[in-house]
file protein-v1.cif (mmCIF, C-alpha atoms)
data_input
loop_
_atom_site.label_atom_id
_atom_site.label_comp_id
_atom_site.auth_asym_id
_atom_site.auth_seq_id
_atom_site.Cartn_x
_atom_site.Cartn_y
_atom_site.Cartn_z
CA MET A 1 0.00 0.00 0.00
CA PRO A 2 1.29 3.51 -0.75
CA GLU A 3 2.28 5.52 2.31
CA THR A 4 -0.99 6.72 3.80
CA GLN A 5 -1.74 8.86 6.85
CA ILE A 6 -5.38 9.29 7.77
CA PHE A 7 -6.41 11.48 10.67
CA GLN A 8 -9.76 11.65 12.41
CA ILE A 9 -10.62 14.90 14.12
CA PHE A 10 -12.14 14.87 17.61
CA TYR A 11 -13.59 17.68 19.70
CA ASP A 12 -14.31 16.07 23.08
CA GLU A 13 -14.31 12.71 24.83
CA LYS A 14 -17.48 11.63 23.03
CA THR A 15 -16.08 12.26 19.55
CA LYS A 16 -12.70 10.88 20.61
CA GLY A 17 -14.48 7.60 21.27
CA LYS A 18 -15.58 7.51 17.63
CA ILE A 19 -12.05 7.40 16.23
CA GLU A 20 -11.54 4.35 14.06
CA ALA A 21 -8.71 1.97 14.91
CA GLY A 22 -5.99 2.64 12.36
CA PHE A 23 -6.80 6.35 12.00
CA SER A 24 -4.62 8.84 13.87
CA PRO A 25 -6.43 11.07 16.40
CA MET A 26 -6.35 14.79 15.58
CA ASN A 27 -7.10 16.84 18.67
CA ASN A 28 -9.33 19.87 18.15
CA SER A 29 -10.77 19.88 21.66
CA GLN A 30 -9.95 23.59 22.06
CA ASN A 31 -12.03 24.26 18.93
CA LEU A 32 -10.72 27.81 18.73
CA ARG A 33 -12.46 28.57 15.43
CA PRO A 34 -15.66 26.53 15.12
CA ASP A 35 -16.75 28.84 12.29
CA TRP A 36 -14.23 27.06 10.03
CA ARG A 37 -15.28 23.54 11.06
CA GLU A 38 -12.77 20.88 9.90
CA TYR A 39 -10.75 23.36 7.86
CA TRP A 40 -9.21 24.80 11.01
CA SER A 41 -7.59 21.47 11.93
CA ILE A 42 -6.62 20.56 8.37
CA ARG A 43 -5.11 23.99 7.83
CA HIS A 44 -3.03 23.81 10.99
CA TYR A 45 -1.60 20.45 10.00
CA LEU A 46 -0.77 21.41 6.42
CA LEU A 47 0.89 24.65 7.52
CA SER A 48 2.87 23.16 10.41
CA GLN A 49 4.05 19.79 9.06
CA LYS A 50 6.36 18.77 6.24
CA ILE A 51 4.08 17.45 3.51
CA ASN A 52 5.44 14.69 1.30
CA GLN A 53 4.31 15.18 -2.30
CA ASP A 54 3.56 11.48 -2.85
CA THR A 55 2.18 10.50 0.57
CA TYR A 56 -1.58 10.13 0.87
CA TYR A 57 -3.24 12.19 3.59
CA GLY A 58 -6.84 12.19 4.79
CA PHE A 59 -8.67 14.25 7.40
CA PHE A 60 -12.01 12.80 8.44
CA SER A 61 -14.65 14.09 10.82
CA PRO A 62 -15.89 11.97 13.75
CA LYS A 63 -18.98 11.08 11.69
CA PHE A 64 -17.07 9.16 9.03
CA ARG A 65 -18.49 5.71 9.86
CA GLU A 66 -21.93 7.14 10.60
CA LYS A 67 -22.14 8.82 7.19
CA THR A 68 -20.42 6.15 5.08
CA ASN A 69 -20.85 2.80 6.87
CA LEU A 70 -17.12 2.34 6.23
CA ASN A 71 -14.45 1.57 8.82
CA SER A 72 -10.71 2.09 8.68
CA ALA A 73 -10.11 -1.45 7.40
CA ASP A 74 -12.38 -0.72 4.41
CA VAL A 75 -10.45 2.46 3.68
CA PHE A 76 -6.98 0.94 3.90
CA GLU A 77 -8.01 -2.09 1.88
CA PHE A 78 -9.22 0.16 -0.93
CA MET A 79 -6.07 2.27 -0.72
CA LYS A 80 -3.76 -0.70 -1.34
CA LYS A 81 -3.85 -0.45 -5.13
CA GLN A 82 -4.52 3.25 -5.59
CA THR A 83 -2.36 5.50 -7.75
CA ALA A 84 -4.67 8.47 -8.47
CA ASP A 85 -4.01 11.83 -6.83
CA VAL A 86 -7.38 11.93 -5.05
CA ILE A 87 -9.37 8.97 -3.71
CA SER A 88 -12.98 9.64 -2.78
CA PHE A 89 -14.85 7.91 0.05
CA SER A 90 -17.84 10.19 -0.37
CA PRO A 91 -21.34 8.93 0.46
CA TYR A 92 -24.57 10.38 -0.91
CA PHE A 93 -24.66 8.87 -4.39
CA ASP A 94 -28.16 10.35 -4.70
CA GLN A 95 -26.79 13.89 -4.36
CA ILE A 96 -23.87 13.09 -6.66
CA ALA A 97 -25.96 11.59 -9.46
CA PHE A 98 -29.12 13.70 -9.33
CA PHE A 99 -27.42 17.10 -9.56
CA ILE A 100 -25.20 18.30 -12.37
CA ASN A 101 -22.58 19.41 -9.83
CA PRO A 102 -22.33 19.95 -6.05
CA PHE A 103 -22.87 23.71 -6.27
CA ILE A 104 -26.31 23.16 -7.79
CA GLN A 105 -26.98 20.67 -5.00
CA GLY A 106 -25.72 23.17 -2.42
CA GLU A 107 -27.91 25.98 -3.71
CA ILE A 108 -31.01 23.92 -2.82
CA ASN A 109 -29.88 23.64 0.78
CA HIS A 110 -27.90 26.87 1.16
CA PRO A 111 -29.44 29.59 -1.07
CA GLY A 112 -26.84 32.02 -2.33
CA LEU A 113 -24.03 29.47 -2.59
CA ILE A 114 -23.79 29.65 -6.39
CA ASN A 115 -23.49 33.44 -6.66
CA THR A 116 -21.18 33.72 -3.66
CA SER A 117 -18.93 30.94 -4.97
CA GLN A 118 -18.86 32.38 -8.49
CA ASN A 119 -17.96 35.79 -7.09
CA PHE A 120 -15.11 34.24 -5.11
CA PHE A 121 -13.65 32.42 -8.11
CA ASN A 122 -13.98 35.58 -10.19
CA TYR A 123 -12.17 37.45 -7.40
CA ILE A 124 -9.20 35.05 -7.49
CA GLN A 125 -9.38 34.96 -11.30
CA LYS A 126 -10.20 31.26 -11.48
CA ASP A 127 -11.94 30.37 -14.73
CA ILE A 128 -14.90 28.16 -13.87
CA ASP A 129 -18.63 28.43 -14.57
CA ILE A 130 -20.22 27.31 -11.31
CA LYS A 131 -23.73 26.89 -12.73
CA ASN A 132 -22.88 24.76 -15.72
CA PHE A 133 -19.88 22.51 -15.20
CA VAL A 134 -20.55 18.77 -14.96
CA SER A 135 -19.11 16.56 -12.24
CA ASP A 136 -19.55 12.85 -11.52
CA GLN A 137 -18.88 10.35 -8.74
CA TYR A 138 -15.13 10.66 -9.32
CA THR A 139 -15.07 14.40 -8.79
CA THR A 140 -18.01 15.14 -6.46
CA ILE A 141 -17.02 14.71 -2.84
CA TYR A 142 -19.04 15.57 0.26
CA SER A 143 -17.95 16.03 3.89
CA ASN A 144 -14.25 16.21 2.90
CA PHE A 145 -14.20 12.41 2.85
CA PHE A 146 -11.24 11.98 0.54
CA VAL A 147 -7.62 10.91 0.72
CA ALA A 148 -5.14 12.73 -1.50
CA LYS A 149 -1.47 12.97 -2.26
CA GLY A 150 0.47 15.77 -0.64
CA ARG A 151 0.82 17.61 -3.93
CA PHE A 152 -2.96 17.91 -4.16
CA TRP A 153 -3.36 19.04 -0.56
CA LEU A 154 -0.82 21.84 -1.04
CA THR A 155 -2.69 23.11 -4.10
CA TRP A 156 -5.99 22.79 -2.22
CA LEU A 157 -4.50 24.73 0.70
CA ASN A 158 -3.36 27.50 -1.62
CA TYR A 159 -6.91 28.03 -2.86
CA CYS A 160 -8.48 27.68 0.57
CA GLU A 161 -6.03 30.19 2.03
CA LYS A 162 -7.18 32.77 -0.49
CA LEU A 163 -10.68 32.18 0.84
CA PHE A 164 -9.44 32.21 4.44
CA ASN A 165 -7.54 35.49 4.07
CA LEU A 166 -10.48 37.16 2.33
CA CYS A 167 -12.84 36.13 5.12
CA GLU A 168 -10.45 36.97 7.94
CA ASP A 169 -9.60 40.41 6.55
CA GLY A 170 -13.29 41.18 6.26
CA THR A 171 -12.92 44.44 4.32
CA HIS A 172 -13.98 43.19 0.90
CA PRO A 173 -17.78 43.17 0.35
CA LEU A 174 -17.57 39.47 -0.57
CA ALA A 175 -16.33 38.62 2.93
CA LYS A 176 -19.77 39.42 4.35
CA ASP A 177 -21.42 36.91 2.04
CA LEU A 178 -18.83 34.23 2.79
CA ASN A 179 -19.09 34.72 6.57
CA GLN A 180 -22.89 34.82 6.49
CA LEU A 181 -24.61 32.08 8.47
CA VAL A 182 -26.88 29.81 6.42
CA ARG A 183 -29.02 26.83 7.32
CA TYR A 184 -27.12 23.56 7.76
CA LYS A 185 -29.76 21.46 9.48
CA PRO A 186 -32.69 22.18 11.82
CA GLY A 187 -31.43 24.28 14.70
CA GLU A 188 -27.90 24.71 13.33
CA ASN A 189 -26.48 27.38 11.04
CA VAL A 190 -23.02 27.34 9.44
CA ALA A 191 -21.03 30.02 7.61
CA MET A 192 -21.32 29.92 3.82
CA LYS A 193 -17.52 29.66 3.51
CA VAL A 194 -17.63 26.14 4.99
CA PHE A 195 -19.74 24.84 2.12
CA LEU A 196 -17.37 26.42 -0.40
CA VAL A 197 -14.37 24.77 1.30
CA GLU A 198 -16.20 21.43 1.07
CA ARG A 199 -16.57 21.87 -2.69
CA MET A 200 -13.03 23.11 -3.33
CA VAL A 201 -11.86 19.56 -4.06
CA THR A 202 -14.38 19.29 -6.89
CA VAL A 203 -13.27 22.60 -8.40
CA LEU A 204 -9.63 21.53 -8.42
CA LEU A 205 -10.46 18.13 -9.91
CA LYS A 206 -12.30 19.92 -12.70
CA THR A 207 -9.74 22.64 -13.40
CA GLU A 208 -6.32 21.28 -12.42
CA LYS A 209 -4.41 18.27 -13.74
CA PHE A 210 -5.18 15.86 -10.91
CA SER A 211 -6.49 12.32 -11.32
CA SER A 212 -9.16 10.77 -9.11
CA ASN A 213 -10.83 7.50 -8.20
CA CYS A 214 -13.65 6.57 -5.86
CA ILE A 215 -14.82 3.68 -3.77
CA ASN A 216 -18.09 2.11 -4.91
CA ASN A 217 -20.39 4.77 -3.47
CA LEU A 218 -23.50 3.30 -5.09
CA VAL A 219 -23.81 1.10 -2.00
CA LEU A 220 -23.01 3.79 0.56
CA PRO A 221 -25.78 5.65 2.44
CA TYR A 222 -28.02 8.13 0.66
CA ALA A 223 -28.44 11.63 2.04
CA GLY A 224 -32.21 11.18 2.37
CA SER A 225 -35.06 8.75 1.89
CA PHE A 226 -37.01 10.43 -0.95
CA LEU A 227 -34.55 9.44 -3.67
CA MET A 228 -33.92 5.86 -2.52
CA PRO A 229 -36.77 4.33 -4.61
CA HIS A 230 -35.14 5.84 -7.70
CA HIS A 231 -31.76 4.14 -7.37
CA LYS A 232 -31.80 2.65 -10.90
CA LYS A 233 -32.61 6.01 -12.42
CA MET A 234 -29.84 7.56 -10.31
CA VAL A 235 -27.43 5.11 -11.90
CA GLN A 236 -28.77 6.22 -15.30
CA CYS A 237 -28.14 9.86 -14.40
CA GLU A 238 -24.58 9.11 -13.36
CA ALA A 239 -23.89 7.06 -16.49
CA LEU A 240 -25.24 9.84 -18.72
CA LYS A 241 -23.04 12.43 -17.02
CA GLN A 242 -19.99 10.23 -17.46
CA ALA A 243 -20.88 9.62 -21.11
CA TYR A 244 -21.05 13.37 -21.65
CA LEU A 245 -17.72 13.93 -19.90
CA ASN A 246 -16.07 11.25 -22.03
CA THR A 247 -17.51 12.38 -25.38
CA LYS A 248 -18.66 16.01 -24.92
CA ASN A 249 -21.80 14.96 -26.80
CA THR A 250 -24.54 17.20 -25.39
CA THR A 251 -27.23 14.66 -26.28
CA TYR A 252 -26.17 12.75 -23.18
CA LEU A 253 -26.81 15.85 -21.10
CA ASP A 254 -30.24 16.24 -22.67
CA PHE A 255 -31.07 12.66 -21.64
CA PHE A 256 -29.65 13.32 -18.16
CA TYR A 257 -32.01 16.26 -17.64
CA GLU A 258 -34.95 14.19 -18.87
CA VAL A 259 -34.28 11.40 -16.36
CA ALA A 260 -33.60 13.89 -13.56
CA GLN A 261 -36.90 15.62 -14.37
CA GLU A 262 -38.75 12.29 -14.13
CA ILE A 263 -37.20 11.66 -10.71
CA GLY A 264 -37.99 15.20 -9.54
CA ASP A 265 -41.62 14.96 -10.65
CA SER A 266 -42.04 11.64 -8.83
CA VAL A 267 -40.51 13.02 -5.62
CA ARG A 268 -42.74 16.10 -5.74
CA ARG A 269 -45.86 13.94 -6.12
CA HIS A 270 -44.73 11.85 -3.14
CA VAL A 271 -44.17 14.94 -0.99
CA GLU A 272 -47.54 16.40 -1.97
CA LEU A 273 -49.23 13.12 -1.04
CA LEU A 274 -47.53 13.12 2.36
CA ASP A 275 -48.53 16.74 2.96
CA SER A 276 -52.16 15.97 2.09
CA THR A 277 -52.35 13.29 4.79
CA LYS A 278 -51.10 15.51 7.61
#
call {"tool": "encode", "arguments": {"input": "protein-v1.cif", "output": "structure tokens"}}
result
Amino acid sequence: MPETQIFQIFYDEKTKGKIEAGFSPMNNSQNLRPDWREYWSIRHYLLSQKINQDTYYGFFSPKFREKTNLNSADVFEFMKKQTADVISFSPYFDQIAFFINPFIQGEINHPGLINTSQNFFNYIQKDIDIKNFVSDQYTTIYSNFFVAKGRFWLTWLNYCEKLFNLCEDGTHPLAKDLNQLVRYKPGENVAMKVFLVERMVTVLLKTEKFSSNCINNLVLPYAGSFLMPHHKKMVQCEALKQAYLNTKNTTYLDFFYEVAQEIGDSVRRHVELLDSTK
């Protein structure tokens, strides 16, 4: 197996107890900057340690097993034969397949993400069209559940530090939008910048010359229950996106949107039926 160091962040005794055997504990019990979530710990490590260009590093939250149903043995077994720059262990195949890219997905849950993200990439003069680029299961990663070679992490850090410095300085009008609290889940709000950091890996995989691979996330947990009955159509959506990426034939994208529309219509009818019975 290639040299691999995977850390699992903990915040207190409860989350420390969730650390998988084989993962190295990363202590963030002081949690000095909760507004940056996992980025604060990852940033500290990348800035303070010597990073080997070819070593694989991973930084997982305490909820890794809960969100993926994977343990450390599953991760290390998959890593044995990997050579790509970035290896994804992302769950939520439904969110990966159903949406054209994770920014479109994020806009549904965190309104304003698309415009704020586009403004940031314009600000750093990064050429990417947030609304229209296509990503698949190899490039869409949620919850920062990925392992990557040091060379990728250093590039990732460079981009994230531009975001960090902009937010910390606070004088640019964009900083207000990035630091704005948006809904994460019932009763909990998170700064918009966190959701952009989470999607930075996808942007770099789309715009930089890094290779990627993923574990079979078709069998990992879905983000919600509404899309589970449509698993076969989700596989169709993913296959159509990959066909487009491989050929650039827009007919595949037309078919993708047709299938996604069928799924969306079915989900809406299901929700309306549930609402009518309340």
call {"tool": "residues_near_point", "arguments": {"input": "protein-v1.cif", "point": "(-8.0, 23.3, -16.1)", "cutoff": "12 Å", "atoms": "all atoms listed in the file", "output": "number ranges by chain"}}
result
A: 126-129, 133, 202-210
call {"tool": "write_last_selection", "arguments": {"input": "protein-v1.cif", "atoms": "C-alpha atoms", "output": "mmCIF file, in the frame of the given file"}}
result
data_model
loop_
_atom_site.group_PDB
_atom_site.id
_atom_site.type_symbol
_atom_site.label_atom_id
_atom_site.label_comp_id
_atom_site.auth_asym_id
_atom_site.auth_seq_id
_atom_site.Cartn_x
_atom_site.Cartn_y
_atom_site.Cartn_z
ATOM 1 C CA LYS A 126 -10.200 31.260 -11.480
ATOM 2 C CA ASP A 127 -11.940 30.370 -14.730
ATOM 3 C CA ILE A 128 -14.900 28.160 -13.870
ATOM 4 C CA ASP A 129 -18.630 28.430 -14.570
ATOM 5 C CA PHE A 133 -19.880 22.510 -15.200
ATOM 6 C CA THR A 202 -14.380 19.290 -6.890
ATOM 7 C CA VAL A 203 -13.270 22.600 -8.400
ATOM 8 C CA LEU A 204 -9.630 21.530 -8.420
ATOM 9 C CA LEU A 205 -10.460 18.130 -9.910
ATOM 10 C CA LYS A 206 -12.300 19.920 -12.700
ATOM 11 C CA THR A 207 -9.740 22.640 -13.400
ATOM 12 C CA GLU A 208 -6.320 21.280 -12.420
ATOM 13 C CA LYS A 209 -4.410 18.270 -13.740
ATOM 14 C CA PHE A 210 -5.180 15.860 -10.910
#
call {"tool": "closest_residue", "arguments": {"input": "protein-v1.cif", "among": "A:Ile87, A:Ile263, A:Cys237, A:Leu174", "to": "Asn101 (chain A)", "atoms": "only C-alpha atoms"}}
result
A:Cys237
call {"tool": "closest_atom_pairs", "arguments": {"input": "protein-v1.cif", "of": "region 53-131 of chain A", "to": "region 21-40 of chain A", "cutoff": "9 Å", "atoms": "only C-alpha atoms", "output": "JSON lines"}}
result
{"residue": "A:Phe59", "atom": "CA", "partner": "A:Glu38", "partner_atom": "CA", "distance": 8.2}
{"residue": "A:Phe60", "atom": "CA", "partner": "A:Glu38", "partner_atom": "CA", "distance": 8.2}
{"residue": "A:Ser61", "atom": "CA", "partner": "A:Glu38", "partner_atom": "CA", "distance": 7.1}
{"residue": "A:Asn71", "atom": "CA", "partner": "A:Ala21", "partner_atom": "CA", "distance": 8.4}
{"residue": "A:Ser72", "atom": "CA", "partner": "A:Gly22", "partner_atom": "CA", "distance": 6.0}
{"residue": "A:Ala73", "atom": "CA", "partner": "A:Gly22", "partner_atom": "CA", "distance": 7.6}
{"residue": "A:Phe76", "atom": "CA", "partner": "A:Gly22", "partner_atom": "CA", "distance": 8.7}
call {"tool": "resolve_selection", "arguments": {"input": "protein-v1.cif", "expression": "the PyMOL selection byres ((chain A and resi 106) around 12)", "output": "ChimeraX atom specification"}}
result
/A:95-96,99-105,107-117,130-131,140,142,182-184,192,194-196,198-199
call {"tool": "atom_distance", "arguments": {"input": "protein-v1.cif", "atom1": "CA of Glu77 (chain A)", "atom2": "CA of Met1 (chain A)"}}
result
8.5 Å
call {"tool": "atom_distance", "arguments": {"input": "protein-v1.cif", "atom1": "CA of Ser41 (chain A)", "atom2": "CA of Pro62 (chain A)"}}
result
12.7 Å
call {"tool": "closest_residue", "arguments": {"input": "protein-v1.cif", "among": "A:Phe7, A:Trp153, A:Phe256, A:Phe226", "to": "Arg268 (chain A)", "atoms": "only C-alpha atoms"}}
result
A:Phe226
call {"tool": "resolve_selection", "arguments": {"input": "protein-v1.cif", "expression": "the PyMOL selection byres ((chain A and resi 234) around 8)", "output": "PDB file with C-alpha atoms, keeping the file's coordinate frame"}}
result
ATOM      1  CA  PHE A  93     -24.660   8.870  -4.390  1.00  0.00           C
ATOM      2  CA  ASP A  94     -28.160  10.350  -4.700  1.00  0.00           C
ATOM      3  CA  ALA A  97     -25.960  11.590  -9.460  1.00  0.00           C
ATOM      4  CA  PHE A  98     -29.120  13.700  -9.330  1.00  0.00           C
ATOM      5  CA  HIS A 230     -35.140   5.840  -7.700  1.00  0.00           C
ATOM      6  CA  HIS A 231     -31.760   4.140  -7.370  1.00  0.00           C
ATOM      7  CA  LYS A 232     -31.800   2.650 -10.900  1.00  0.00           C
ATOM      8  CA  LYS A 233     -32.610   6.010 -12.420  1.00  0.00           C
ATOM      9  CA  VAL A 235     -27.430   5.110 -11.900  1.00  0.00           C
ATOM     10  CA  GLN A 236     -28.770   6.220 -15.300  1.00  0.00           C
ATOM     11  CA  CYS A 237     -28.140   9.860 -14.400  1.00  0.00           C
ATOM     12  CA  GLU A 238     -24.580   9.110 -13.360  1.00  0.00           C
TER      13      GLU A 238
END
call {"tool": "resolve_selection", "arguments": {"input": "protein-v1.cif", "expression": "the PyMOL selection byres ((chain A and resi 84) around 9)", "output": "list in words"}}
result
Gln82, Thr83, Asp85, Val86, Ile87, Ala148, Lys149, Phe210, Ser211, Ser212 and Asn213 of chain A
call {"tool": "closest_residue", "arguments": {"input": "protein-v1.cif", "among": "A:Thr155, A:Ser266, A:Phe64, A:Val197", "to": "Phe10 (chain A)", "atoms": "all atoms listed in the file"}}
result
A:Phe64
call {"tool": "atom_distance", "arguments": {"input": "protein-v1.cif", "atom1": "CA of Cys214 (chain A)", "atom2": "CA of Gln242 (chain A)"}}
result
13.7 Å
call {"tool": "residues_around", "arguments": {"input": "protein-v1.cif", "residues": "Phe145 (chain A)", "least_positions_apart": "6", "cutoff": "7 Å", "atoms": "all atoms listed in the file", "output": "number ranges by chain"}}
result
A: 60, 88-90
call {"tool": "axis_aligned_box", "arguments": {"input": "protein-v1.cif", "around": "region 129-140 of chain A", "padding_each_side": "8 Å", "output": "JSON"}}
result
{"center_x": -19.4, "center_y": 19.4, "center_z": -11.1, "size_x": 24.7, "size_y": 34.1, "size_z": 25.3}
